[in-house]
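Below: the structure, in structure tokens.
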Amino acid sequence: MLMVVLAVGLTAFGSGCGDGGDSGAEADGTEPLGIGNEVTVPIAAAMVTTVDPGEEPRSLLRPSYYNGTIQAVTLRTDHRIQQQIDSQQVRDFSSPALTIPMTATTDSGGVELTLGSVTTPDPALSEALTAADGTHAGFEMSELGGITALRLAPAPDTSNSARAALEQAFYQAVYRSVTFPDEPVGVGAVWRVQQTVGGGVDLDQVTTATLVARDGGRLSIRLDVTQTPKSNIWDLPNEAGTLDIEDYAMQGSGDITVDLGLPLPIAGSISIGGHQVYRDPRTSTVLRQAIETNVSWGG
């Protein structure tokens, strides 16, 4: 039972999705957040600090799309996790990769998303996702382009496994997004975005963004990401006890292309990976994980 609890809880923790946000959530009887109806999840505020304003000319970076702007975009996610307890055999708790075509429409409240046919190489999940066509989602946005809330409204016949997989994919996308600085910047500018990623243990995520190039409203941005636990103890889900965090190293990087006239990135990918080591203080059981998460945007 300990292995199941650790596998389920730590997969969610490792992906930065929060409890219930991974495709293995049904293993211990928990349900995905979106079951039954639409759910809105607030996203922790991002604090932005300008490190270097960059070259002249400088200007404010602000989304400039109008209500009713429509964008077709495809989100792809892949979350891999290898886990070992003591000297037992390494087990694979990876989530199936997803390809999510969607249509984004802007309105006064943010961005409304209508999902197309979601695909995955996993046969069982692929079959479950056939009922998810027409699922709606949404992002509430700040004036600096940051995502402040995630909404998800699965189609009525969507199964629990499909709902959970979609939730995890969107959480990954949310925490790989970028918020603009609140002052004029130019090419070469560097700014730091600090945000808490909620879960069993809150993570301090720091994203360093570099404006590599600009062509009108089209921006090429380099992202470097690190995650650090705010505590050295993790409370396991379902009151299953605690774990000591003995080692935690998660970092990654990527490049995205943003059009200020459109609500979502038009291209790019970000990969974050590392290793984590936990110890059960009651039994001295040691759990090791190797994790890699990939998020990409494209046409």
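In the structure tokens, the first chain shown is A, the next is B, and so on; residue numbers restart at 1 for each chain, and ligands run from 1 in the order shown.
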Can you pull out every residue within 8 Å of range 189-202 of chain A, counting only C-alpha atoms, but drop anything in the same chain fewer than 2 positions away, and send it as a PDB file with C-alpha atoms, in the first residue's frame?
```
ATOM      1  CA  GLY A   9       1.161  11.247  -4.580  1.00  0.00           C
ATOM      2  CA  ALA A  12       1.433  14.638  -8.831  1.00  0.00           C
ATOM      3  CA  PHE A  13       4.047  16.350  -6.671  1.00  0.00           C
ATOM      4  CA  GLY A  16       3.929  20.355 -10.203  1.00  0.00           C
ATOM      5  CA  CYS A  17       0.272  19.551 -10.716  1.00  0.00           C
ATOM      6  CA  GLY A  18      -0.968  19.429  -7.163  1.00  0.00           C
ATOM      7  CA  ASP A  19      -2.960  16.587  -5.644  1.00  0.00           C
ATOM      8  CA  ALA A  44      -0.640  31.562  -7.512  1.00  0.00           C
ATOM      9  CA  ALA A  45       0.326  35.122  -8.371  1.00  0.00           C
ATOM     10  CA  ALA A  46       3.656  35.610 -10.103  1.00  0.00           C
ATOM     11  CA  MET A  47       6.179  38.163  -8.877  1.00  0.00           C
ATOM     12  CA  VAL A  48       8.228  39.661 -11.700  1.00  0.00           C
ATOM     13  CA  THR A  49      11.606  41.353 -11.276  1.00  0.00           C
ATOM     14  CA  THR A  50      13.535  42.963 -14.122  1.00  0.00           C
ATOM     15  CA  VAL A  51      17.197  41.955 -14.039  1.00  0.00           C
ATOM     16  CA  ASP A  52      18.341  43.760 -17.210  1.00  0.00           C
ATOM     17  CA  PRO A  53      16.085  46.061 -19.302  1.00  0.00           C
ATOM     18  CA  GLY A  54      17.953  45.191 -22.493  1.00  0.00           C
ATOM     19  CA  GLU A  55      18.831  47.332 -25.482  1.00  0.00           C
ATOM     20  CA  TYR A 175       3.299  26.522 -14.993  1.00  0.00           C
ATOM     21  CA  VAL A 178       5.589  33.427 -18.944  1.00  0.00           C
ATOM     22  CA  THR A 179       4.564  36.740 -17.353  1.00  0.00           C
ATOM     23  CA  PRO A 181       7.770  42.641 -16.754  1.00  0.00           C
ATOM     24  CA  VAL A 185      12.324  46.352 -22.084  1.00  0.00           C
ATOM     25  CA  GLY A 186      14.253  45.700 -25.269  1.00  0.00           C
ATOM     26  CA  VAL A 187      16.089  42.866 -26.973  1.00  0.00           C
ATOM     27  CA  ASP A 204       9.227  27.799  -5.271  1.00  0.00           C
ATOM     28  CA  GLN A 205       9.499  28.020  -9.059  1.00  0.00           C
ATOM     29  CA  VAL A 206      11.795  30.638 -10.579  1.00  0.00           C
ATOM     30  CA  THR A 207      11.661  31.236 -14.314  1.00  0.00           C
ATOM     31  CA  THR A 208      14.338  33.438 -15.862  1.00  0.00           C
ATOM     32  CA  ALA A 209      13.153  34.859 -19.186  1.00  0.00           C
ATOM     33  CA  THR A 210      15.430  36.410 -21.814  1.00  0.00           C
ATOM     34  CA  LEU A 211      14.065  38.370 -24.777  1.00  0.00           C
ATOM     35  CA  VAL A 212      16.263  36.914 -27.506  1.00  0.00           C
ATOM     36  CA  PRO A 229      10.661  22.807  -2.176  1.00  0.00           C
ATOM     37  CA  LYS A 230       9.588  25.408   0.378  1.00  0.00           C
ATOM     38  CA  SER A 231       9.712  22.702   3.080  1.00  0.00           C
ATOM     39  CA  ILE A 233       8.777  17.568   4.742  1.00  0.00           C
ATOM     40  CA  TRP A 234       5.935  16.384   2.572  1.00  0.00           C
ATOM     41  CA  ASP A 235       2.512  15.388   3.914  1.00  0.00           C
ATOM     42  CA  LEU A 236       1.351  12.399   1.884  1.00  0.00           C
ATOM     43  CA  PRO A 237      -2.166  12.399   0.405  1.00  0.00           C
TER      44      PRO A 237
END
```
- Would you give me, as a list in words, the residues in range 44-272 of chain A that DSSP reads as helix (DSSP H, G or I)?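 Here is the list: Pro123, Ala124, Leu125, Ser126, Glu127, Ala128, Leu129, Thr130, Ala131, Ala132, Asn160, Ser161, Ala162, Arg163, Ala164, Ala165, Leu166, Glu167, Gln168, Ala169, Phe170, Tyr171, Gln172, Ala173, Val174, Pro237, Asn238 and Glu239 of chain A.
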- Identify, with DSSP run on backbone atoms, the residues in range 50-294 of chain A assigned to strand (DSSP E or B), and express the list as number ranges by chain. A: 50-52, 59, 70-85, 91-92, 95-107, 110-115, 119, 136-141, 147-153, 185, 190-197, 203-215, 218-229, 233-235, 242-259, 267-279, 286-294
- Message: One decimal, in Å: what's the spacing between CA of Thr106 in chain A and CA of Asn294 in chain A?
- Response: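 A separation of 25.9 Å between them.
Of note, CA of Ser296 in chain A and CA of Leu223 in chain A are spaced 12.7 Å apart.
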Closest pair table for range 129-219 of chain A residues within 8 Å of range 254-272 of chain A, only C-alpha atoms, as a tab-separated table:
```
residue	atom	partner	partner_atom	distance
A:Arg176	CA	A:Ile270	CA	7.2
A:Gly217	CA	A:Leu260	CA	5.2
A:Arg218	CA	A:Asp259	CA	4.4
A:Leu219	CA	A:Val258	CA	5.1
```
Selection file, N, CA, C and O atoms, as a compact mmCIF listing (two decimals), in the first residue's frame:
```
# COMPACT_ATOMS: atom_id res chain seq x y z
N ARG A 176 4.35 26.49 -17.19
CA ARG A 176 5.44 26.73 -18.13
C ARG A 176 5.18 27.99 -18.94
O ARG A 176 5.82 28.24 -19.95
N GLY A 217 5.36 42.53 -33.11
CA GLY A 217 4.74 41.93 -31.94
C GLY A 217 5.14 40.49 -31.70
O GLY A 217 4.63 39.86 -30.78
N ARG A 218 6.07 39.99 -32.51
CA ARG A 218 6.50 38.60 -32.35
C ARG A 218 7.78 38.56 -31.52
O ARG A 218 8.77 39.19 -31.87
N LEU A 219 7.75 37.79 -30.43
CA LEU A 219 8.85 37.74 -29.48
C LEU A 219 9.42 36.33 -29.41
O LEU A 219 8.67 35.35 -29.33
```
- Query: Quick one: distance from CA of His275 in chain A to CA of Gln289 in chain A in Å, one decimal?
  - Reply: 5.5 Å
